[in-house]
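Contents: one structure, followed by commentary.
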Amino acid sequence: MYVWLRLARMMATARSRGPYRLGEESRLSFRCLPSDIDSNLHLNNARYMMLADVGRIDIFARAGLIAMARKRRWAPMMGGLQAVYVREIRLWKRFDVVSTLETWEDTQVIGRHRFELEDGRTAAVVMTTAGVYDFAGRRFVPIDDIVALLGVSVRPRPPSAQERAFMASHAGLRRLAKGEG
């Protein structure tokens with residue numbers, strides 16, 4: 001239930017946080033609850049992914065992508081993710097999830113979700129790749145087309161070395177999952 005309550009809170013406060021513009025960040029505040037912890041009494045690794053989802057949905061909703069996708073029978077879809085944990089988030093502690101769309105290439109967008117402790121230190125980073133699937137066309141939509149439809153004139157920056165390594169690793173794991181490698 002906590003997932004839906006957090007998602008509902010995010011959607012209820014989206015308007016007050018204003019529209020999302022590419023290059024900006026989404027910042028959502030949370031507290032580590034008893035339903036979030038593992039036997040070490042800190043945020044469970046699965047909760048990091050769920051809270052990254054809330055940050056990503058916040059960006060999609062505030063940018064206008066969700067409304068656009070519904071009209072066109074499109075769906076934002078995750079491709080994969082990589083997470084690194086550097087500090088724990090203990091029970092009852094407050095933290096922020098700072099989400100950004102870093103860049104895009106062809107049909108995939110790279111997102112980053114940084115879990116920030118109250119003192120500003122990073123607890124974890126989740127990097128994601130995602131796309132928008134067109135059910136009628138049975139294809140992923142080029143991100144440049146989506147950006148243009150949103151009325152934004154922004155160009156992506158070239159992926160960093162870390163982002164390129166992530167994309168290559170993701171592509172290799174995807175081939176393995178499909179039995180191709």
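All residue names refer to the structure tokens as shown: chains lettered A, B, ... in order, residues numbered from 1 in each chain, ligands numbered from 1 in order.
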Checklist entry - Counting only C-alpha atoms, what is within 9 Å of Asp58 in chain A, bar same-chain residues fewer than 6 positions away, as a ChimeraX atom specification? => result /A:7,10-11,14,20,26,28,99
Dump as a PDB file, in the first residue's frame, selection limited to N, CA and C atoms:
```pdb
ATOM      1  N   LEU A   7       3.022   7.355  -4.343  1.00  0.00           N
ATOM      2  CA  LEU A   7       2.730   7.768  -5.719  1.00  0.00           C
ATOM      3  C   LEU A   7       1.594   8.799  -5.731  1.00  0.00           C
ATOM      4  N   MET A  10       2.878  12.118  -4.540  1.00  0.00           N
ATOM      5  CA  MET A  10       3.676  12.764  -5.589  1.00  0.00           C
ATOM      6  C   MET A  10       2.757  13.405  -6.636  1.00  0.00           C
ATOM      7  N   MET A  11       1.737  12.667  -7.073  1.00  0.00           N
ATOM      8  CA  MET A  11       0.829  13.214  -8.085  1.00  0.00           C
ATOM      9  C   MET A  11       0.039  14.406  -7.532  1.00  0.00           C
ATOM     10  N   ALA A  14       2.372  17.442  -7.604  1.00  0.00           N
ATOM     11  CA  ALA A  14       3.083  17.722  -8.862  1.00  0.00           C
ATOM     12  C   ALA A  14       2.833  19.147  -9.353  1.00  0.00           C
ATOM     13  N   TYR A  20       8.093  20.149 -15.371  1.00  0.00           N
ATOM     14  CA  TYR A  20       9.478  19.687 -15.455  1.00  0.00           C
ATOM     15  C   TYR A  20      10.055  20.147 -16.789  1.00  0.00           C
ATOM     16  N   SER A  26      14.043  16.603 -10.505  1.00  0.00           N
ATOM     17  CA  SER A  26      12.883  16.342  -9.660  1.00  0.00           C
ATOM     18  C   SER A  26      13.442  15.981  -8.290  1.00  0.00           C
ATOM     19  N   LEU A  28      12.150  14.708  -4.575  1.00  0.00           N
ATOM     20  CA  LEU A  28      11.060  14.212  -3.746  1.00  0.00           C
ATOM     21  C   LEU A  28      11.632  13.778  -2.398  1.00  0.00           C
ATOM     22  N   SER A  99      15.964  13.115  -9.114  1.00  0.00           N
ATOM     23  CA  SER A  99      15.898  12.426 -10.404  1.00  0.00           C
ATOM     24  C   SER A  99      16.128  13.409 -11.546  1.00  0.00           C
TER      25      SER A  99
END
```
Next on the checklist: Which residues are near range 127-130 of chain A? Cut-off 7 Å, only C-alpha atoms, ignore same chain within fewer than 3 positions. Put them as a PyMOL selection string.
Outcome noted: chain A and resi 77-83+108-113
Could you name the residues that touch Tyr85 in chain A at 10 Å or less, counting only C-alpha atoms, but leaving out those on the same chain fewer than 6 positions away, as a PDB file with N, CA and C atoms, in the first residue's frame?
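What ended up in result06.pdb:
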```pdb
ATOM      1  N   ASN A  45      17.018  -2.906  -0.826  1.00  0.00           N
ATOM      2  CA  ASN A  45      17.410  -2.579  -2.200  1.00  0.00           C
ATOM      3  C   ASN A  45      16.216  -2.474  -3.144  1.00  0.00           C
ATOM      4  N   TYR A  48      14.704   1.068  -3.195  1.00  0.00           N
ATOM      5  CA  TYR A  48      15.416   2.051  -4.010  1.00  0.00           C
ATOM      6  C   TYR A  48      14.813   2.094  -5.415  1.00  0.00           C
ATOM      7  N   PHE A 115      20.058   9.264  -4.359  1.00  0.00           N
ATOM      8  CA  PHE A 115      19.437   9.233  -3.039  1.00  0.00           C
ATOM      9  C   PHE A 115      20.323  10.038  -2.101  1.00  0.00           C
ATOM     10  N   THR A 122      25.549  11.506  -0.727  1.00  0.00           N
ATOM     11  CA  THR A 122      24.848  10.534  -1.564  1.00  0.00           C
ATOM     12  C   THR A 122      24.857   9.170  -0.888  1.00  0.00           C
ATOM     13  N   ALA A 123      23.685   8.552  -0.801  1.00  0.00           N
ATOM     14  CA  ALA A 123      23.557   7.198  -0.252  1.00  0.00           C
ATOM     15  C   ALA A 123      23.607   6.167  -1.375  1.00  0.00           C
ATOM     16  N   ALA A 124      23.028   6.490  -2.524  1.00  0.00           N
ATOM     17  CA  ALA A 124      22.983   5.541  -3.635  1.00  0.00           C
ATOM     18  C   ALA A 124      22.702   6.305  -4.924  1.00  0.00           C
ATOM     19  N   VAL A 125      23.066   5.676  -6.030  1.00  0.00           N
ATOM     20  CA  VAL A 125      22.738   6.206  -7.355  1.00  0.00           C
ATOM     21  C   VAL A 125      22.166   5.055  -8.174  1.00  0.00           C
ATOM     22  N   VAL A 126      21.052   5.329  -8.837  1.00  0.00           N
ATOM     23  CA  VAL A 126      20.442   4.372  -9.751  1.00  0.00           C
ATOM     24  C   VAL A 126      20.445   5.014 -11.133  1.00  0.00           C
TER      25      VAL A 126
END
```
Item to check | Selection near range 147-160 of chain A, 8 Å with only C-alpha atoms, sequence-local residues under 5 positions removed, as a ChimeraX atom specification | outcome: /A:22,63-65,103-105
I need the chosen residues saved as a JSON list (two decimals), in the first residue's frame, with C-alpha atoms.
```json
[["chain", "number", "residue", "atom", "x", "y", "z"],
["A", 22, "LEU", "CA", 14.70, 19.08, -19.49],
["A", 63, "ALA", "CA", 6.85, 17.16, -18.48],
["A", 64, "GLY", "CA", 3.51, 16.24, -20.09],
["A", 65, "LEU", "CA", 4.72, 12.88, -21.35],
["A", 103, "THR", "CA", 20.64, 12.58, -22.06],
["A", 104, "TRP", "CA", 19.20, 10.48, -24.83],
["A", 105, "GLU", "CA", 20.23, 8.71, -27.97]]
```
Item to check | Per-residue DSSP, range 9-140 of chain A, filtered to strand (DSSP E or B), as a ChimeraX atom specification | outcome: /A:26-31,37,42-43,74-85,90,94-105,108-117,122-134,139-140
Next on the checklist: Between CA of His42 in chain A and CA of Phe95 in chain A, what distance in Å does the model show, to one decimal?
Outcome noted: 12.3 Å
Checklist entry - Looking only at the backbone, which of the residues in range 59-128 of chain A does DSSP tag as alpha helix (DSSP H), as a PyMOL selection string? => result chain A and resi 59-63+65-72
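In this model, the gap between CA of Asn44 in chain A and CA of Glu116 in chain A comes to 15.5 Å.
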